[in-house]
Every structure is written in structure tokens, then in C-alpha cells.
>>> print(open('my_file.tsv').read())   # TSV, C-alpha atoms
chain	number	residue	atom	x	y	z
I	1	MET	CA	67.00	159.62	-58.02
I	2	PRO	CA	63.59	160.78	-59.23
I	3	LEU	CA	63.45	163.71	-56.78
I	4	ILE	CA	66.85	165.00	-57.85
I	5	MET	CA	65.99	164.72	-61.54
I	6	GLY	CA	62.63	166.41	-61.07
I	7	MET	CA	64.12	169.22	-59.00
I	8	SER	CA	66.87	169.75	-61.57
I	9	MET	CA	64.28	170.14	-64.33
I	10	LEU	CA	62.31	172.68	-62.28
I	11	LEU	CA	65.42	174.67	-61.33
I	12	ALA	CA	66.70	174.60	-64.92
I	13	CYS	CA	63.41	176.09	-66.18
I	14	GLN	CA	63.48	178.70	-63.42
I	15	MET	CA	67.04	179.66	-64.31
I	16	LEU	CA	66.17	179.97	-68.00
I	17	GLY	CA	63.19	182.11	-66.96
I	18	GLU	CA	65.38	184.39	-64.82
I	19	LEU	CA	67.87	184.75	-67.67
I	20	VAL	CA	65.07	185.69	-70.08
I	21	THR	CA	63.53	188.33	-67.76
I	22	ARG	CA	66.93	189.80	-66.89
I	23	GLY	CA	68.13	189.69	-70.47
I	24	LEU	CA	65.01	191.36	-71.92
I	25	ALA	CA	64.44	193.59	-68.83
I	26	LEU	CA	60.84	192.31	-68.43
I	27	SER	CA	58.77	193.19	-65.35
I	28	VAL	CA	57.50	189.60	-65.15
I	29	PRO	CA	59.20	187.39	-62.52
I	30	GLY	CA	61.56	184.68	-63.73
I	31	PRO	CA	59.60	181.71	-62.31
I	32	VAL	CA	56.50	182.76	-64.29
I	33	ILE	CA	58.54	182.70	-67.51
I	34	GLY	CA	60.01	179.39	-66.27
I	35	MET	CA	56.47	178.02	-66.00
I	36	VAL	CA	55.81	179.01	-69.64
I	37	ILE	CA	59.09	177.36	-70.69
I	38	LEU	CA	58.24	174.12	-68.86
I	39	LEU	CA	54.74	174.11	-70.35
I	40	ALA	CA	56.20	174.50	-73.85
I	41	ALA	CA	58.67	171.67	-73.16
I	42	LEU	CA	55.88	169.38	-71.91
I	43	MET	CA	53.77	170.16	-74.99
I	44	ALA	CA	56.73	169.34	-77.23
I	45	ARG	CA	57.46	166.10	-75.40
I	46	GLY	CA	53.84	165.03	-75.13
I	47	LYS	CA	53.99	163.67	-71.58
I	48	VAL	CA	55.10	164.52	-68.03
I	49	PRO	CA	58.18	162.50	-66.91
I	50	SER	CA	57.29	160.65	-63.70
I	51	SER	CA	60.27	162.14	-61.81
I	52	LEU	CA	59.03	165.65	-62.62
I	53	ARG	CA	55.49	164.76	-61.59
I	54	VAL	CA	56.57	163.38	-58.20
I	55	THR	CA	58.65	166.48	-57.38
I	56	GLY	CA	56.28	169.07	-58.83
I	57	GLU	CA	53.13	167.70	-57.26
I	58	GLY	CA	54.94	167.33	-53.93
I	59	LEU	CA	55.88	171.02	-54.01
I	60	LEU	CA	52.40	172.12	-55.08
I	61	ARG	CA	50.78	170.16	-52.27
I	62	TYR	CA	52.56	172.43	-49.77
I	63	LEU	CA	52.30	175.65	-51.77
I	64	THR	CA	50.50	177.39	-48.88
I	65	LEU	CA	53.45	176.81	-46.54
I	66	LEU	CA	55.83	178.43	-49.01
I	67	PHE	CA	54.04	181.78	-48.70
I	68	VAL	CA	54.46	182.00	-44.95
I	69	PRO	CA	58.02	183.48	-44.76
I	70	ALA	CA	57.12	186.31	-47.18
I	71	GLY	CA	53.85	186.87	-45.33
I	72	VAL	CA	55.61	187.40	-42.02
I	73	GLY	CA	57.23	190.38	-43.80
I	74	LEU	CA	53.95	192.20	-43.20
I	75	MET	CA	55.30	193.06	-39.75
I	76	VAL	CA	57.85	195.37	-41.42
I	77	HIS	CA	55.05	197.42	-43.00
I	78	GLY	CA	53.11	197.64	-39.75
I	79	THR	CA	53.58	201.39	-39.27
I	80	LEU	CA	52.91	202.34	-42.92
I	81	ILE	CA	49.75	200.25	-43.02
I	82	GLY	CA	48.74	201.32	-39.50
I	83	ALA	CA	48.71	205.00	-40.56
I	84	ASP	CA	45.89	204.32	-43.04
I	85	LEU	CA	44.57	201.11	-41.52
I	86	LEU	CA	40.81	201.53	-41.78
I	87	PRO	CA	40.68	202.94	-45.34
I	88	ILE	CA	43.17	200.31	-46.52
I	89	VAL	CA	41.27	197.41	-45.00
I	90	VAL	CA	37.90	198.65	-46.25
I	91	THR	CA	39.35	199.22	-49.72
I	92	LEU	CA	40.97	195.79	-49.85
I	93	VAL	CA	37.93	193.90	-48.58
I	94	GLY	CA	35.52	195.84	-50.80
I	95	SER	CA	37.49	195.65	-54.00
I	96	THR	CA	38.55	192.02	-53.48
I	97	ALA	CA	34.91	191.04	-52.99
I	98	VAL	CA	33.84	192.91	-56.14
I	99	THR	CA	36.73	191.43	-58.15
I	100	LEU	CA	35.90	187.88	-57.04
I	101	ALA	CA	32.23	188.34	-57.88
I	102	VAL	CA	32.75	189.99	-61.28
I	103	THR	CA	35.39	187.49	-62.45
I	104	ALA	CA	33.41	184.44	-61.37
I	105	TRP	CA	30.19	185.82	-62.89
I	106	VAL	CA	31.76	186.80	-66.23
I	107	LEU	CA	33.60	183.50	-66.63
I	108	SER	CA	30.66	181.28	-65.71
I	109	ARG	CA	28.38	183.32	-68.00
I	110	LEU	CA	30.76	183.10	-70.98
I	111	GLN	CA	31.38	179.42	-70.34
I	112	ARG	CA	27.68	178.60	-70.19
I	113	ARG	CA	27.04	180.52	-73.41
I	114	GLY	CA	29.92	178.72	-75.12
I	115	ARG	CA	28.50	175.38	-74.05
I	116	ARG	CA	25.01	176.25	-75.28
I	117	GLU	CA	26.32	177.34	-78.70
I	118	GLY	CA	28.36	174.17	-78.86
I	119	SER	CA	25.31	171.98	-78.25
I	120	GLU	CA	23.23	173.91	-80.77
I	121	GLU	CA	25.89	173.34	-83.39
I	122	GLY	CA	25.77	169.69	-82.45
I	123	ARG	CA	22.02	169.59	-83.09
I	124	ALA	CA	22.26	171.44	-86.41
P	1	MET	CA	79.25	170.03	-14.58
P	2	ASN	CA	79.42	173.09	-16.73
P	3	VAL	CA	76.03	174.24	-17.96
P	4	ALA	CA	76.04	177.04	-20.51
P	5	ALA	CA	74.03	180.04	-19.40
P	6	LEU	CA	70.56	180.22	-20.86
P	7	ASP	CA	71.15	183.56	-22.52
P	8	GLN	CA	74.19	182.16	-24.32
P	9	LEU	CA	72.10	179.30	-25.66
P	10	TRP	CA	69.60	181.86	-26.89
P	11	VAL	CA	72.36	183.86	-28.61
P	12	TYR	CA	73.31	180.68	-30.44
P	13	LEU	CA	69.75	179.77	-31.39
P	14	SER	CA	68.63	183.20	-32.52
P	15	GLY	CA	71.65	183.60	-34.78
P	16	ASN	CA	71.10	180.21	-36.41
P	17	PRO	CA	68.75	179.46	-39.32
P	18	LEU	CA	67.60	176.30	-37.51
P	19	LEU	CA	65.28	178.12	-35.13
P	20	SER	CA	63.30	180.15	-37.67
P	21	LEU	CA	63.07	177.16	-39.99
P	22	LEU	CA	61.70	174.93	-37.24
P	23	VAL	CA	59.39	177.59	-35.85
P	24	THR	CA	57.92	178.22	-39.33
P	25	LEU	CA	57.13	174.52	-39.80
P	26	LEU	CA	55.68	174.21	-36.30
P	27	ALA	CA	53.55	177.34	-36.69
P	28	PHE	CA	52.21	175.98	-39.98
P	29	MET	CA	51.33	172.63	-38.41
P	30	VAL	CA	49.60	174.32	-35.48
P	31	ALA	CA	47.73	176.61	-37.90
P	32	VAL	CA	46.52	173.68	-40.04
P	33	ARG	CA	45.36	171.78	-36.92
P	34	LEU	CA	43.69	174.88	-35.48
P	35	ASN	CA	41.93	175.60	-38.75
P	36	ARG	CA	40.70	172.00	-38.93
P	37	ALA	CA	39.50	172.16	-35.33
P	38	LEU	CA	37.52	175.27	-36.21
P	39	GLY	CA	35.75	173.35	-38.98
P	40	GLY	CA	38.06	174.54	-41.79
P	41	THR	CA	36.70	178.08	-41.75
P	42	PRO	CA	38.11	180.17	-44.63
P	43	LEU	CA	38.08	183.26	-42.38
P	44	LEU	CA	41.11	181.91	-40.51
P	45	HIS	CA	43.13	180.48	-43.36
P	46	PRO	CA	46.16	178.36	-42.27
P	47	VAL	CA	48.52	180.80	-44.03
P	48	THR	CA	47.02	183.86	-42.36
P	49	LEU	CA	47.00	182.03	-39.05
P	50	SER	CA	50.66	180.91	-39.36
P	51	ILE	CA	51.71	184.45	-40.28
P	52	ALA	CA	49.91	185.83	-37.23
P	53	ILE	CA	51.46	183.18	-34.95
P	54	LEU	CA	54.95	183.87	-36.30
P	55	ILE	CA	54.67	187.66	-36.07
P	56	GLY	CA	53.50	187.19	-32.47
P	57	PHE	CA	56.44	184.91	-31.77
P	58	LEU	CA	58.99	187.29	-33.32
P	59	LEU	CA	57.61	190.25	-31.35
P	60	LEU	CA	57.63	188.16	-28.17
P	61	VAL	CA	61.28	187.07	-28.47
P	62	ASP	CA	62.28	190.43	-30.01
P	63	MET	CA	63.76	188.98	-33.20
P	64	ASP	CA	63.71	191.20	-36.29
P	65	TYR	CA	62.38	190.08	-39.67
P	66	ALA	CA	65.80	190.03	-41.37
P	67	THR	CA	67.13	187.54	-38.80
P	68	TYR	CA	64.02	185.40	-39.09
P	69	PHE	CA	64.23	185.43	-42.87
P	70	GLU	CA	67.81	184.12	-42.83
P	71	GLY	CA	66.38	180.78	-41.76
P	72	ALA	CA	62.99	180.99	-43.42
P	73	GLN	CA	64.51	181.81	-46.81
P	74	PHE	CA	65.04	178.09	-47.39
P	75	ILE	CA	61.28	177.64	-47.44
P	76	HIS	CA	60.77	180.88	-49.36
P	77	PHE	CA	63.22	179.77	-52.03
P	78	LEU	CA	60.99	176.81	-52.96
P	79	LEU	CA	58.34	179.25	-54.22
P	80	GLY	CA	60.37	179.61	-57.43
P	81	PRO	CA	60.45	175.92	-58.45
P	82	ALA	CA	56.85	175.54	-57.19
P	83	THR	CA	55.74	178.32	-59.55
P	84	VAL	CA	57.51	176.55	-62.42
P	85	ALA	CA	55.79	173.30	-61.39
P	86	LEU	CA	52.40	174.95	-62.03
P	87	ALA	CA	53.06	174.01	-65.67
P	88	ILE	CA	52.32	170.34	-64.78
P	89	PRO	CA	48.61	170.68	-63.81
P	90	LEU	CA	48.26	173.19	-66.62
P	91	TYR	CA	49.58	170.60	-69.08
P	92	ASP	CA	47.29	167.91	-67.63
P	93	HIS	CA	44.24	170.10	-68.27
P	94	ARG	CA	45.44	171.66	-71.54
P	95	GLU	CA	42.40	170.51	-73.55
P	96	ARG	CA	39.98	172.27	-71.23
P	97	VAL	CA	42.17	175.40	-71.13
P	98	ARG	CA	42.34	175.48	-74.94
P	99	ARG	CA	38.57	175.13	-75.24
P	100	LEU	CA	38.01	177.96	-72.77
P	101	LEU	CA	40.77	180.28	-73.96
P	102	GLY	CA	38.50	183.07	-75.24
P	103	PRO	CA	36.26	183.26	-72.14
P	104	LEU	CA	39.33	183.01	-69.89
P	105	LEU	CA	41.03	185.99	-71.54
P	106	LEU	CA	37.86	188.09	-71.45
P	107	ALA	CA	37.20	187.22	-67.80
P	108	CYS	CA	40.80	188.06	-67.00
P	109	VAL	CA	40.58	191.55	-68.51
P	110	ALA	CA	37.20	192.14	-66.83
P	111	GLY	CA	38.65	191.04	-63.49
P	112	ILE	CA	41.74	193.22	-63.75
P	113	VAL	CA	39.77	196.32	-64.74
P	114	THR	CA	37.34	195.68	-61.85
P	115	ALA	CA	40.19	195.15	-59.39
P	116	VAL	CA	42.05	198.31	-60.37
P	117	ALA	CA	38.96	200.54	-60.75
P	118	SER	CA	37.35	199.44	-57.48
P	119	THR	CA	40.63	199.73	-55.57
P	120	ILE	CA	41.41	203.23	-56.83
P	121	GLY	CA	37.77	204.31	-56.48
P	122	LEU	CA	37.39	203.12	-52.89
P	123	ALA	CA	40.82	204.38	-51.86
P	124	MET	CA	40.06	207.85	-53.24
P	125	LEU	CA	36.66	207.82	-51.57
P	126	PHE	CA	38.30	207.18	-48.19
P	127	GLY	CA	41.03	209.72	-48.78
P	128	VAL	CA	44.03	207.39	-48.74
P	129	ARG	CA	47.35	209.19	-49.25
P	130	HIS	CA	48.71	209.40	-52.79
P	131	GLU	CA	51.71	207.03	-52.48
P	132	THR	CA	49.59	204.50	-50.62
P	133	LEU	CA	46.97	204.77	-53.35
P	134	LEU	CA	49.53	204.00	-56.04
P	135	SER	CA	50.89	201.13	-53.94
P	136	LEU	CA	47.36	199.75	-53.57
P	137	ALA	CA	46.61	199.75	-57.29
P	138	PRO	CA	48.58	196.60	-58.25
P	139	ARG	CA	47.45	194.65	-55.15
P	140	SER	CA	45.83	191.72	-56.90
P	141	VAL	CA	48.93	190.45	-58.72
P	142	THR	CA	51.69	188.27	-57.33
P	143	SER	CA	54.14	190.29	-55.20
P	144	PRO	CA	57.25	190.44	-57.42
P	145	ILE	CA	55.18	191.78	-60.31
P	146	ALA	CA	53.26	194.15	-58.02
P	147	MET	CA	56.48	195.60	-56.65
P	148	GLY	CA	57.77	196.31	-60.17
P	149	ILE	CA	54.48	197.93	-61.21
P	150	ALA	CA	54.23	200.05	-58.04
P	151	GLU	CA	57.69	201.42	-58.67
P	152	GLN	CA	56.83	202.17	-62.27
P	153	ILE	CA	53.67	204.15	-61.44
P	154	GLY	CA	55.09	205.93	-58.38
P	155	GLY	CA	54.02	203.83	-55.38
P	156	ILE	CA	56.14	202.27	-52.61
P	157	PRO	CA	57.32	198.76	-53.66
P	158	SER	CA	57.68	197.24	-50.17
P	159	LEU	CA	54.27	198.56	-49.12
P	160	ALA	CA	52.80	197.16	-52.33
P	161	ALA	CA	54.24	193.75	-51.40
P	162	GLY	CA	52.60	193.94	-47.96
P	163	LEU	CA	49.26	194.92	-49.47
P	164	VAL	CA	49.49	192.04	-51.93
P	165	LEU	CA	49.82	189.64	-49.00
P	166	LEU	CA	46.84	191.18	-47.22
P	167	THR	CA	44.80	190.90	-50.42
P	168	GLY	CA	45.73	187.23	-50.65
P	169	SER	CA	44.42	186.41	-47.19
P	170	ILE	CA	41.28	188.50	-47.71
P	171	GLY	CA	40.62	186.77	-51.04
P	172	CYS	CA	40.90	183.32	-49.46
P	173	ALA	CA	38.54	184.38	-46.68
P	174	LEU	CA	35.89	185.88	-48.98
P	175	GLY	CA	36.06	183.49	-51.95
P	176	PRO	CA	34.01	180.53	-50.66
P	177	GLY	CA	31.18	182.79	-49.45
P	178	ILE	CA	30.96	184.63	-52.76
P	179	PHE	CA	30.95	181.38	-54.75
P	180	ARG	CA	28.08	180.13	-52.60
P	181	LEU	CA	26.20	183.39	-53.07
P	182	LEU	CA	26.58	183.31	-56.88
P	183	ARG	CA	26.02	179.52	-56.97
P	184	ILE	CA	29.38	178.89	-58.68
P	185	THR	CA	30.30	175.23	-58.33
P	186	ASP	CA	32.62	174.64	-61.31
P	187	PRO	CA	36.14	174.11	-59.89
P	188	ALA	CA	37.68	175.63	-63.03
P	189	VAL	CA	35.76	178.89	-62.57
P	190	GLN	CA	36.46	178.93	-58.83
P	191	GLY	CA	40.16	178.32	-59.32
P	192	PHE	CA	40.49	180.92	-62.07
P	193	THR	CA	38.71	183.51	-59.95
P	194	MET	CA	40.86	182.77	-56.89
P	195	GLY	CA	44.07	183.03	-58.91
P	196	LEU	CA	43.00	186.35	-60.39
P	197	SER	CA	41.82	187.97	-57.16
P	198	ALA	CA	44.23	186.45	-54.67
P	199	HIS	CA	47.29	185.48	-56.82
P	200	GLY	CA	49.56	182.84	-55.21
P	201	PHE	CA	47.53	182.63	-52.00
P	202	GLY	CA	44.48	181.89	-54.09
P	203	THR	CA	46.36	179.29	-56.11
P	204	ALA	CA	47.70	177.59	-53.00
P	205	HIS	CA	44.21	177.65	-51.52
P	206	SER	CA	42.76	176.16	-54.72
P	207	PHE	CA	45.24	173.27	-54.67
P	208	ALA	CA	44.68	172.61	-50.98
P	209	ARG	CA	40.89	172.91	-50.90
P	210	LEU	CA	39.39	172.71	-54.38
P	211	GLY	CA	41.58	170.09	-56.11
P	212	ALA	CA	43.92	169.82	-59.10
P	213	VAL	CA	41.57	171.28	-61.76
P	214	ALA	CA	40.99	174.42	-59.70
P	215	GLY	CA	44.72	174.61	-58.97
P	216	ALA	CA	45.61	174.42	-62.66
P	217	PHE	CA	43.20	177.19	-63.63
P	218	SER	CA	44.29	179.24	-60.65
P	219	GLY	CA	47.95	179.02	-61.65
P	220	LEU	CA	47.01	179.96	-65.20
P	221	SER	CA	45.06	183.02	-64.11
P	222	MET	CA	47.80	184.09	-61.69
P	223	GLY	CA	50.35	184.14	-64.52
P	224	LEU	CA	47.95	185.70	-67.02
P	225	THR	CA	46.81	188.40	-64.58
P	226	GLY	CA	50.40	189.28	-63.75
P	227	LEU	CA	51.33	189.61	-67.41
P	228	LEU	CA	48.24	191.61	-68.41
P	229	THR	CA	48.32	193.89	-65.34
P	230	ALA	CA	51.93	194.78	-66.03
P	231	PHE	CA	50.77	196.14	-69.39
P	232	LEU	CA	47.34	197.53	-68.46
P	233	LEU	CA	47.95	199.29	-65.13
P	234	PRO	CA	50.35	202.00	-66.30
P	235	LEU	CA	47.80	202.79	-69.04
P	236	ILE	CA	44.90	202.96	-66.57
P	237	THR	CA	46.71	205.23	-64.10
P	238	ARG	CA	47.75	207.51	-66.95
P	239	LEU	CA	44.14	207.63	-68.19
P	240	LEU	CA	42.98	208.60	-64.69
P	241	GLY	CA	45.74	211.20	-64.50
P	242	LEU	CA	47.19	209.75	-61.29
P	243	ASN	CA	50.88	210.03	-62.07
>>> encode(input="my_file.tsv", output="C-alpha cells")
Amino acid sequence: MPLIMGMSMLLACQMLGELVTRGLALSVPGPVIGMVILLAALMARGKVPSSLRVTGEGLLRYLTLLFVPAGVGLMVHGTLIGADLLPIVVTLVGSTAVTLAVTAWVLSRLQRRGRREGSEEGRA
Amino acid sequence: MNVAALDQLWVYLSGNPLLSLLVTLLAFMVAVRLNRALGGTPLLHPVTLSIAILIGFLLLVDMDYATYFEGAQFIHFLLGPATVALAIPLYDHRERVRRLLGPLLLACVAGIVTAVASTIGLAMLFGVRHETLLSLAPRSVTSPIAMGIAEQIGGIPSLAAGLVLLTGSIGCALGPGIFRLLRITDPAVQGFTMGLSAHGFGTAHSFARLGAVAGAFSGLSMGLTGLLTAFLLPLITRLLGLN
């Protein structure tokens, strides 16, 4: 029953996460808190149970599919988006491109500097 | 022999979750094949392609989204446990995450500020209406968080959710080109950037195309960006005097 055990663990963490967000009235979705809870549990345990790995990695392999039903919901916003279509599309494309570039540049810069300092320490 | 009329069969099918469930899976398979046939171009991402196919199908057979979602919700539901499962790759790569924690946090704040500032700046430049502007602001975080933030700062939650999805597909389309341009080859950096700019779409894309390391960092940045944006965005809009 590895799939059932793995799924139960995932659902249990999600439920705990939902309870925490509801209980503390956080604006963070329950599954994100559930992810933090599972991570903490894995750290405490020191390894990933094989049943959890089989289920979790199976789900993650098809993560793209899981976004499709929500994505089809775009059709509901057709008129609202259509009213401002060009400005919205230009804004989204422009700012997404800038965000991608800035994030990637900052992170790779910081990472390279960290590595260089690390190797200098090693030499000294 | 008594053959049921075709329209009666259709009444049965369209009121049953079976049809939308099956159509969603078929559309996804077609989209993956089509994308592969086109040389795996990021411009027509399988998710974007499946969404387009399904919207076309629903318009063609005149089925509304609520009816479709009754069946498709079984797939949608799995997003929750899948998000929780992101803890597994994160745990596998915990040493690397710990070593990079400082740079990751700094890059995350830089990315969020860039996303919000460039979105609001461009939207104002093009004269987007006020509510749309405030719904655009949280576009780079995962949709449930974005909807909450939009409501808090005075945007339209459902529109915000739609814009989040558009951002996701745009991010997946632009990402590979920008990485090539900036000569970024490290899967950790690529994944982190995709998760920050294109939330769950970016994370899914990272797992599918860039591998487990990129997926782990992408999931991390998706969660981190959501958390930080929820705190930072109300401050930024107040600073800019938007609400």
C-alpha cells in the first residue's frame, strides 16, 4: 500500500496546513504551510520514507497537468481582460521579462561571489 | 432496437464529470505531443496549449466553465498534495539550499520589488484602469495568495487569478530565451528564477524540463515569494499612494 500511505501523509500535512492558515487567519494558502510542515517532519526524521517518495515524485512529474483546470478559468475573465488587452499583455510580457532577468542576474552574481570568497578562505 | 437520441446522450455526457475529466487528459496528451512535434518550443508550452484547446472545445460545445470544472476539479484537487510534496525535493537538496540561503533571500526581495515596480510602472504608463492595475500588482505569486492580496489592496480577486495564469505562461515562454541571453546555466538559479517569476507554472516547467534540482529551487522560491509578497505588496502600494 505504498501509494495509500504516501498520499495519506501528503493529505495529512495539507490538512494541518489548512487548519493553521484558517486558525491564524493567514493569507498564505494551506498547502504552502503544509509543505513547510512536511519539510520540518522530514528534517526531524532524517530521511524520506519510500512510500512518500513514490507518491510525491509521481505527483510532481505531472505538476503541469494539474494547472490546466484552473487555467481554463481564464475564459471567464475574457471580457475583463479583453477591455484592456493590449496594455495588459504588454505590461505582463515586459515586467515578466525584467523580473526573470533581474532575479537570475542577482542570484548568479551573489552565488559566484559567495563561491569566490569561499575559495579564498580555503587558500588562506 | 431502441437507440437513444443523440441529444439525450449529450445531455447525459455534459452533465457528467467523466467528459471533462477525459477531455482534460486528452487535451494534455495532444498538447504534449504537439509541443514535442514543434521541437519543444517554450513559446507554445503544453499547459498553455492544453488551456487553449480546452477553451476552444468548451466554446465549441457551448459548455460553461462551472460545468467543466465539476469534472476537472478532481485533477485540480491534486494541486494541494502536489504542493505539499514539493518538500521532498527541497529536503533532498537541503545542503545546497542552506549554503545559498543569504543570496536566495536577497534575490527573492530584488525579484519581488522588480516585479511589482515594473508591473505598476508599465501599467500606469499604458493607462490601465485603477482596479485592473491593483489586480495586476500581485501577478507573479501563486493564484490563491494573489487573490488574497488583490482583495486586500483593492483589486479584483478573480481577475488577479486570471492574470496570474497569464503571467505563468508568459514566464515559461520567455524564461529559456532570457537564460540563454544572460548565459545562466546553473539549474538552481534557473529554477529559482522560474519559481519567482512564474510561480507554479514555472515550478512545473522546471520539474518537466530542467530536472529535480531546478524543481526544488523553484518550489522554494514559489513559497518564499508568496510569503514575502503578502507582506511587502501592501507596503509598496501604500508607499506609492495607490490605495
>>> residues_around(input="my_file.tsv", residues="region 182-188 of chain P", least_positions_apart="3", cutoff="10 Å", atoms="all atoms listed in the file", output="count of residues only")
25
>>> interface_residues(input="my_file.tsv", of="chain P", to="chain I", cutoff="6 Å", atoms="all atoms listed in the file", output="ChimeraX atom specification")
/P:51,72,75-76,79-85,87,103,107,111,114-115,118-119,122-123,126,145,162,193,197,204
>>> atom_distance(input="my_file.tsv", atom1="CA of His205 (chain P)", atom2="CA of Gln190 (chain P)")
10.7 Å
>>> atom_distance(input="my_file.tsv", atom1="CA of Val23 (chain P)", atom2="CA of Gly175 (chain P)")
29.0 Å
>>> closest_residue(input="my_file.tsv", among="P:Leu181, P:Leu6, P:Leu159, P:Leu174", to="Thr79 (chain I)", atoms="only C-alpha atoms")
P:Leu159
>>> atom_distance(input="my_file.tsv", atom1="CA of Thr24 (chain P)", atom2="CA of Ile55 (chain P)")
10.5 Å
>>> closest_residue(input="my_file.tsv", among="P:Leu235, P:Leu60, P:Leu21, P:Leu136", to="Ile156 (chain P)", atoms="only C-alpha atoms")
P:Leu136
>>> closest_residue(input="my_file.tsv", among="P:Thr67, P:Ser20, P:Asn35, P:Gln152", to="Ala137 (chain P)", atoms="all atoms listed in the file")
P:Gln152
>>> closest_residue(input="my_file.tsv", among="P:Ile88, P:Ala31, P:Leu44, P:Ile236", to="Ser51 (chain I)", atoms="all atoms listed in the file")
P:Ile88
>>> residues_around(input="my_file.tsv", residues="Val141 (chain P)", least_positions_apart="3", cutoff="6 Å", atoms="all atoms listed in the file", output="number ranges by chain")
P: 146, 199, 226
>>> write_last_selection(input="my_file.tsv", atoms="C-alpha atoms", output="short mmCIF file (atom, residue, chain, number, x, y, z; two decimals), keeping the file's coordinate frame")
data_model
loop_
_atom_site.label_atom_id
_atom_site.label_comp_id
_atom_site.auth_asym_id
_atom_site.auth_seq_id
_atom_site.Cartn_x
_atom_site.Cartn_y
_atom_site.Cartn_z
CA ALA P 146 53.26 194.15 -58.02
CA HIS P 199 47.29 185.48 -56.82
CA GLY P 226 50.40 189.28 -63.75
#
>>> closest_residue(input="my_file.tsv", among="P:Met63, P:Leu228, P:Ile112, P:Ile120", to="Asn16 (chain P)", atoms="only C-alpha atoms")
P:Met63
>>> residues_around(input="my_file.tsv", residues="Leu239 (chain P)", least_positions_apart="6", cutoff="12 Å", atoms="only C-alpha atoms", output="PyMOL selection string")
chain P and resi 117+232-233
